[in-house]
2 protein chains.
Amino acid sequence: LLKFEIKDRDAAGRLASLSLRAKRISTPLFLPVYNPHLPIITPKEMAQDFGIEAIMVNAYLIYKDPILREDALRKGLKRLLEFDGAIFSDSGAYQSFRGEVPITQKEIVTFQSELEVDVGVMLDVPSRNESREETKASVLSTIERAEEWRRIVDEMGGATPFWEGTIQGGAFEDLVRLSCLKMKRFPFDLFAVGVPPKLWKNYEFREIVIQGLAAKRNLPLDKPLHAFGMGNPIVLSLLVAIGYDIFDSASYSLYAKDGRYMTELGTKKLEELSSLPCECPVCVRYSSEEIRGFPPAERTKLLARHNLYAILREMRTIKQAIVENSLWELVQARARAHPRLLEALLEALRKGRRLFEDLEPIRKRSAFMYSGPESLHRIELKRAFKRLKARLSASRSKVPAALRSVYPFGQAIVPEGTFRFEEEKEQKPKSLLETLRIIADYQFGSGVGIALFPEEVEVEVSKVTGRIRRAWLGGRLLATVAPKDGFLRLRFQGALRLHNALAWPAYRVILVEDKEVQNIVSRGGNVFAKFISRCDPRIVPREEVLVTDSKDRLLAVGQALLSGREMTIFRHGLAVKTRDCLGSL
Amino acid sequence: LLKFEIKDRDAAGRLASLSLRAKRISTPLFLPVYNPHLPIITPKEMAQDFGIEAIMVNAYLIYKDPILREDALRKGLKRLLEFDGAIFSDSGAYQSFRGEVPITQKEIVTFQSELEVDVGVMLDVPSRNESREETKASVLSTIERAEEWRRIVDEMGGATPFWEGTIQGGAFEDLVRLSCLKMKRFPFDLFAVGVPPKLWKNYEFREIVIQGLAAKRNLPLDKPLHAFGMGNPIVLSLLVAIGYDIFDSASYSLYAKDGRYMTELGTKKLEELSSLPCECPVCVRYSSEEIRGFPPAERTKLLARHNLYAILREMRTIKQAIVENSLWELVQARARAHPRLLEALLEALRKGRRLFEDLEPIRKRSAFMYSGPESLHRIELKRAFKRLKARLSASRSKVPAALRSVYPFGQAIVPEGTFRFEEEKEQKPKSLLETLRIIADYQFGSGVGIALFPEEVEVEVSKVTGRIRRAWLGGRLLATVAPKDGFLRLRFQGALRLHNALAWPAYRVILVEDKEVQNIVSRGGNVFAKFISRCDPRIVPREEVLVTDSKDRLLAVGQALLSGREMTIFRHGLAVKTRDCLGSL
């Protein structure tokens, strides 16, 4: 089984670890496509000079070249390419689609297996996104092809690569949905979305987002999601934010052949560049004039190297933004590369609302930064305003002063009037307790505050900042207030009170009936996804959750890394990082 | 005399060439500040590894160190630093201001001269921007100091460096204005604005913009404008857009000592970086973990190198944006690095409106790209709407179809409703002429169309695009329509008609009374600023202009590189690139 574990997250994006048997790579991942007929940057150079851990090779092109095929089968693809990393292959569906000599599913599936690639892909039927009929035909034919693929793989037996199933449907949401619902019944390990070339060629980013969101919403969340052929750095952060994990493209070399120079704010023509706005090894060494002066082959190579650096730079920037929880801010900055990208971002925030409601962490490591009117459509604010109303009968024009340090209110740099705090009362011991209760109500639900923090609670305040740090009851620690985001971090004593206050299944994560697992967790072990039998589906990542057995006995309290919807689907990786447990009593 | 020539421009920013006697450097320019007591990156390395052509050194620090001083005077600063590029020096005003042992104007002015730096600075009195009184005192004392500086320089005689005068006034617009009005009477070669450290430390970008615009508006446009101590890449593009030419900072090394890693979207703490979002020689070679693992001195050096690469990358990006005429789009993307930067951008568009009206090119090489509501405040649109109303009695809700290919209407990617074209009429020969006339009215003024293009004009249309290419009259070419921006490019025959149609001094650039100059221009030579005696002050860069002698005899027609206001001020560089001339008749 393919191991895919979420390590960190932001928006619907995820930083994950993908284990392909012995090889472990991290996503979001960009796979440079290597064309053996156009070896501009070799896989060996990709590994050595660029630190590339995974590439994509078109198995079809190798298959169609008798000498290359012979060589690949004799030496093995790894030795042929002198590449030790993971190899994804492509099936040639796109080439057949362009009218080249077709290949059969059997040929290409068998061949990918023989090549011992790490990840192979079925032979699908791409769509042009030209008409609904044409697109629907591609969806239906691809489903038939998946049946064919299953029969062939079943017959093959033995070790085969991991397989990608291809989603079609273009920008027709209902067709994408149809494609997903059918395709997810097949035992694919990953899913790839066929983005019609027309869309990215014409900068139809809005349509690309509509397609991506439709796929994301209708496919299992525990499978990596791959966007075929996306290699323009300006759009990658947005695609990660809506939930794509893997990208592949030969753009770095195709653009180079065309004399085009990639930047994260758009592609430029080399001849229009007076100075090279980059500090990659190519651009540090050569000026624009010097590169133009080289013979075409050398110029293409230099440009391709720069382009690959530019894409990888953007991938690292995206990863860093996920860790910082500032992915939306990055997407918003990048959206200024083209008005159509800004349109696509607005569409993503509109159409992806339910997805983000499920997947966005409840609190973040970075401040909420206003970057334009679209910021007000971000789920962090919408969710916060909704909670104000539902849990505190408050509104954004009168945010309780108790939430002054709580995310997003305390960490928002937004235009005046976005929300307003009510006037602060004098800080008395009484009002400190009141503050704690309001935070608890905001965090867990109306009425939780009083149950969690009775009158006898002693509130400890930081002597330096004057802020609430801890809540004690009878000498026992109930909860601390996180200095960065103002949310409550419960200790087991507090969790017991919360557990009493909240009716099942609110905030519960229920372990499987396995004494050993339950023992480990109740003695401080973390909760892995595979040991969860059910849970509150409304749990949002980074929330405090109650870990129980099936009889609702509280075993531990901790922080969710996965959303409720993910917890019951994922078979790998951490689901809850526990903080305190029954065993500590 | 200092030679400062505009080569290209966008917004109020300019790509210029600055000649310091034998040394020629280009602006916008970033001067890394080198502290001889903290040699993290040496000037030699700056030149070799970073291609740095100019640095800033604090003369005060050298003066205060007897050994260093002795060495510098004996060897000369260039040999001491092993640096061949241009050396700007700082006076120690800031150090005195921080309470260190003061230095006298005489000491530091003489010392800078002895060091043979290329550009020295007077000893000013910085302000803290704390109160109006304190700031006003700094303005007034600095003016007194300038008197002192003038006496000393006058007495010195002989070759001295070029000198920078310092503008104070903090974010108090009227005080900045007062400072400029007084300081510009002294024979300084450049002006530097003292940005109170408090402002950039607290991200008070709005105040920095207010100060910068006040300085820009009240100082002579032909002198380079320097912002002291600005070294955060996120703000540099905005500062260039409002008209700053030179920046200096030690931020690259100071941030490095603090473990901070610069990016164009904000500064990160090294320990928070999981992957390094950069492809500079440092980041390609080391991972974040590896850099953290080095001993402090080595770590600081690596970080400082990365930071300097990041700043230089941004400077090159800015230069490229000026050449592309996409500087505002870059500023808008960068403004998403921090909400205060977005605020500052809005302030710049508001407060700088008159400045941009004078300086913004009338047509651009890049499309007008919508990047958020602030785009609608850009002068390109405002100016276009104003011309519609004044020259065509039209409005943005009914833009004549004739302007479909004219900048910005034909090159705008903006939300629906920003403006609307009226319905297009069928293209008949008659309507082609009408189209040409509307373009002429839009470009030159109401009524020009009929005068420039009488009924007999033959309109040549491109067979490929169907667009108007040329206008002929009696077998003679009057004008072509630029394919990229739809503006008219006049030939001399057309210019004669325009000249007849427009009352003096509209669109005139009038040469000095110098037969030789007039001869050269009327035979096809370009017009240099120093040969202009007067001109229409409403001329905007990249407009078609009529070059005449003082008797309003038309000598040539061409494209303005400078605005009307600049033409009469600048003593160096090209003012009008001529296209056709009297001699061609």
# chains A, B, ... in the order shown; residues from 1 in each chain; ligands from 1
>>> select_by_dssp(residues="stretch 346-565 of chain B", states="alpha helix (DSSP H)", output="PyMOL selection string")
chain B and resi 346-351+353-359+379-392+429-444+448-452+492-501+515-522+564-565
>>> write_last_selection(atoms="C-alpha atoms", output="short mmCIF file (atom, residue, chain, number, x, y, z; two decimals), in the first residue's frame")
data_model
loop_
_atom_site.label_atom_id
_atom_site.label_comp_id
_atom_site.auth_asym_id
_atom_site.auth_seq_id
_atom_site.Cartn_x
_atom_site.Cartn_y
_atom_site.Cartn_z
CA LEU B 346 -2.90 53.38 -1.54
CA GLU B 347 -1.47 56.49 0.06
CA ALA B 348 1.12 56.76 -2.69
CA LEU B 349 -1.54 56.59 -5.39
CA ARG B 350 -3.61 59.21 -3.58
CA LYS B 351 -0.91 61.61 -2.51
CA ARG B 353 -1.44 61.79 -8.07
CA ARG B 354 -0.03 65.08 -9.34
CA LEU B 355 3.48 63.69 -9.48
CA PHE B 356 2.35 60.68 -11.49
CA GLU B 357 0.27 62.91 -13.76
CA ASP B 358 3.48 64.68 -14.68
CA LEU B 359 5.80 61.71 -14.87
CA ILE B 379 -3.01 57.38 -13.09
CA GLU B 380 -3.06 55.47 -16.39
CA LEU B 381 -6.79 54.90 -16.00
CA LYS B 382 -7.59 58.23 -14.37
CA ARG B 383 -5.77 60.09 -17.09
CA ALA B 384 -7.46 58.09 -19.83
CA PHE B 385 -10.92 58.75 -18.37
CA LYS B 386 -10.12 62.44 -18.07
CA ARG B 387 -9.06 62.62 -21.71
CA LEU B 388 -12.21 60.81 -22.77
CA LYS B 389 -14.28 63.46 -21.11
CA ALA B 390 -12.23 66.51 -22.03
CA ARG B 391 -11.26 65.58 -25.55
CA LEU B 392 -14.06 63.31 -26.77
CA PRO B 429 -13.52 53.44 -45.42
CA LYS B 430 -15.49 56.33 -43.99
CA SER B 431 -15.43 54.89 -40.49
CA LEU B 432 -11.72 54.11 -40.75
CA LEU B 433 -11.07 57.80 -41.18
CA GLU B 434 -13.41 58.49 -38.28
CA THR B 435 -11.43 56.04 -36.15
CA LEU B 436 -8.17 57.78 -36.96
CA ARG B 437 -9.67 61.14 -36.07
CA ILE B 438 -10.94 59.90 -32.74
CA ILE B 439 -7.51 58.52 -31.91
CA ALA B 440 -5.98 61.87 -32.85
CA ASP B 441 -8.48 63.76 -30.69
CA TYR B 442 -7.78 61.43 -27.78
CA GLN B 443 -4.05 61.72 -28.22
CA PHE B 444 -3.67 65.44 -28.99
CA VAL B 448 -7.13 67.67 -33.96
CA GLY B 449 -8.53 64.67 -35.81
CA ILE B 450 -10.21 66.68 -38.53
CA ALA B 451 -7.21 68.94 -38.98
CA LEU B 452 -4.71 66.10 -39.07
CA PHE B 492 6.95 65.05 -40.61
CA GLN B 493 3.99 65.65 -42.96
CA GLY B 494 1.62 64.76 -40.19
CA ALA B 495 3.56 66.80 -37.69
CA LEU B 496 3.22 69.87 -39.92
CA ARG B 497 -0.55 69.45 -39.90
CA LEU B 498 -0.57 68.93 -36.11
CA HIS B 499 1.60 71.99 -35.72
CA ASN B 500 -0.91 74.02 -37.72
CA ALA B 501 -3.81 72.65 -35.73
CA LYS B 515 22.04 77.29 -35.27
CA GLU B 516 24.21 74.21 -35.05
CA VAL B 517 21.88 72.44 -32.68
CA GLN B 518 18.87 73.38 -34.78
CA ASN B 519 20.61 72.14 -37.88
CA ILE B 520 21.44 68.80 -36.34
CA VAL B 521 17.89 68.29 -35.15
CA SER B 522 16.33 69.36 -38.43
CA GLY B 564 7.71 68.82 -19.94
CA ARG B 565 8.71 69.71 -16.42
#
>>> interface_residues(of="chain A", to="chain B", cutoff="9 Å", atoms="only C-alpha atoms", output="PyMOL selection string")
chain A and resi 49-51+265+272-281+284+309-310+312-320+323-324+329-330+332-340+342-343+369-374+413-415
>>> select_by_dssp(residues="stretch 353-475 of chain A", states="strand (DSSP E)", output="JSON, numbers by chain")
{"A": [368, 369, 412, 413, 458, 459, 460, 461, 468, 469, 470, 471, 472, 473]}
>>> residues_around(residues="B:Leu29", least_positions_apart="3", cutoff="10 Å", atoms="only C-alpha atoms", output="PDB file with N, CA and C atoms, in the first residue's frame")
ATOM      1  N   LEU B  15      15.050  54.542 -14.702  1.00  0.00           N
ATOM      2  CA  LEU B  15      16.263  53.790 -14.942  1.00  0.00           C
ATOM      3  C   LEU B  15      17.221  54.835 -15.477  1.00  0.00           C
ATOM      4  N   ALA B  16      18.286  55.104 -14.746  1.00  0.00           N
ATOM      5  CA  ALA B  16      19.141  56.204 -15.154  1.00  0.00           C
ATOM      6  C   ALA B  16      20.593  55.800 -15.086  1.00  0.00           C
ATOM      7  N   LEU B  18      24.245  57.171 -13.888  1.00  0.00           N
ATOM      8  CA  LEU B  18      24.850  58.153 -13.000  1.00  0.00           C
ATOM      9  C   LEU B  18      26.354  58.104 -13.228  1.00  0.00           C
ATOM     10  N   ILE B  25      27.519  54.263 -13.129  1.00  0.00           N
ATOM     11  CA  ILE B  25      26.693  53.227 -12.513  1.00  0.00           C
ATOM     12  C   ILE B  25      25.246  53.483 -12.899  1.00  0.00           C
ATOM     13  N   SER B  26      24.424  52.458 -12.727  1.00  0.00           N
ATOM     14  CA  SER B  26      23.041  52.677 -13.133  1.00  0.00           C
ATOM     15  C   SER B  26      22.130  52.655 -11.918  1.00  0.00           C
ATOM     16  N   PRO B  32      25.244  48.511  -0.654  1.00  0.00           N
ATOM     17  CA  PRO B  32      25.421  47.791   0.609  1.00  0.00           C
ATOM     18  C   PRO B  32      26.350  48.617   1.502  1.00  0.00           C
ATOM     19  N   ILE B  52      28.692  43.934  -7.424  1.00  0.00           N
ATOM     20  CA  ILE B  52      28.357  45.240  -6.850  1.00  0.00           C
ATOM     21  C   ILE B  52      29.288  46.316  -7.424  1.00  0.00           C
ATOM     22  N   GLU B  53      28.691  47.416  -7.875  1.00  0.00           N
ATOM     23  CA  GLU B  53      29.471  48.485  -8.492  1.00  0.00           C
ATOM     24  C   GLU B  53      29.642  49.696  -7.591  1.00  0.00           C
ATOM     25  N   ALA B  54      28.891  49.734  -6.507  1.00  0.00           N
ATOM     26  CA  ALA B  54      28.996  50.888  -5.613  1.00  0.00           C
ATOM     27  C   ALA B  54      28.625  50.454  -4.203  1.00  0.00           C
ATOM     28  N   ILE B  55      29.362  50.990  -3.225  1.00  0.00           N
ATOM     29  CA  ILE B  55      29.075  50.655  -1.831  1.00  0.00           C
ATOM     30  C   ILE B  55      29.032  51.938  -1.017  1.00  0.00           C
ATOM     31  N   HIS B 226      18.004  59.887  -2.852  1.00  0.00           N
ATOM     32  CA  HIS B 226      18.539  58.766  -2.083  1.00  0.00           C
ATOM     33  C   HIS B 226      17.723  58.619  -0.792  1.00  0.00           C
ATOM     34  N   VAL B 240      10.888  53.015  -5.324  1.00  0.00           N
ATOM     35  CA  VAL B 240      11.318  53.384  -6.679  1.00  0.00           C
ATOM     36  C   VAL B 240      10.137  54.006  -7.429  1.00  0.00           C
ATOM     37  N   TYR B 244      12.319  57.399  -5.774  1.00  0.00           N
ATOM     38  CA  TYR B 244      13.663  57.246  -5.196  1.00  0.00           C
ATOM     39  C   TYR B 244      14.587  56.524  -6.177  1.00  0.00           C
ATOM     40  N   ASP B 245      15.848  56.945  -6.180  1.00  0.00           N
ATOM     41  CA  ASP B 245      16.825  56.357  -7.097  1.00  0.00           C
ATOM     42  C   ASP B 245      17.864  55.486  -6.396  1.00  0.00           C
ATOM     43  N   ILE B 246      18.193  55.854  -5.157  1.00  0.00           N
ATOM     44  CA  ILE B 246      19.324  55.205  -4.485  1.00  0.00           C
ATOM     45  C   ILE B 246      18.904  54.779  -3.078  1.00  0.00           C
ATOM     46  N   PHE B 247      19.365  53.625  -2.672  1.00  0.00           N
ATOM     47  CA  PHE B 247      19.130  53.114  -1.325  1.00  0.00           C
ATOM     48  C   PHE B 247      20.447  52.626  -0.765  1.00  0.00           C
ATOM     49  N   ASP B 248      20.560  52.676   0.530  1.00  0.00           N
ATOM     50  CA  ASP B 248      21.735  52.069   1.152  1.00  0.00           C
ATOM     51  C   ASP B 248      21.264  51.413   2.431  1.00  0.00           C
ATOM     52  N   LEU B 312      19.570  42.253  -4.056  1.00  0.00           N
ATOM     53  CA  LEU B 312      19.995  42.506  -5.438  1.00  0.00           C
ATOM     54  C   LEU B 312      19.008  41.915  -6.433  1.00  0.00           C
ATOM     55  N   MET B 315      16.296  44.334  -6.701  1.00  0.00           N
ATOM     56  CA  MET B 315      16.696  45.502  -7.491  1.00  0.00           C
ATOM     57  C   MET B 315      16.649  45.186  -8.993  1.00  0.00           C
ATOM     58  N   ARG B 316      17.081  43.984  -9.345  1.00  0.00           N
ATOM     59  CA  ARG B 316      17.037  43.613 -10.765  1.00  0.00           C
ATOM     60  C   ARG B 316      15.600  43.433 -11.231  1.00  0.00           C
ATOM     61  N   LYS B 319      14.284  46.871 -11.901  1.00  0.00           N
ATOM     62  CA  LYS B 319      14.788  47.425 -13.168  1.00  0.00           C
ATOM     63  C   LYS B 319      14.064  46.804 -14.347  1.00  0.00           C
TER      64      LYS B 319
END
>>> residues_around(residues="stretch 154-164 of chain A", least_positions_apart="4", cutoff="8 Å", atoms="only C-alpha atoms", output="ChimeraX atom specification")
/A:2,20,110,112-113,116-122,150,188-192
>>> residues_around(residues="stretch 465-470 of chain A", least_positions_apart="6", cutoff="12 Å", atoms="only C-alpha atoms", output="number ranges by chain")
A: 402-406, 427-429, 431-437, 439, 453, 457-459, 476-484, 486-491, 494
>>> residues_around(residues="A:Ile291", least_positions_apart="4", cutoff="10 Å", atoms="only C-alpha atoms", output="ChimeraX atom specification")
/A:270-271,282-283,285-287,295-296,298-303
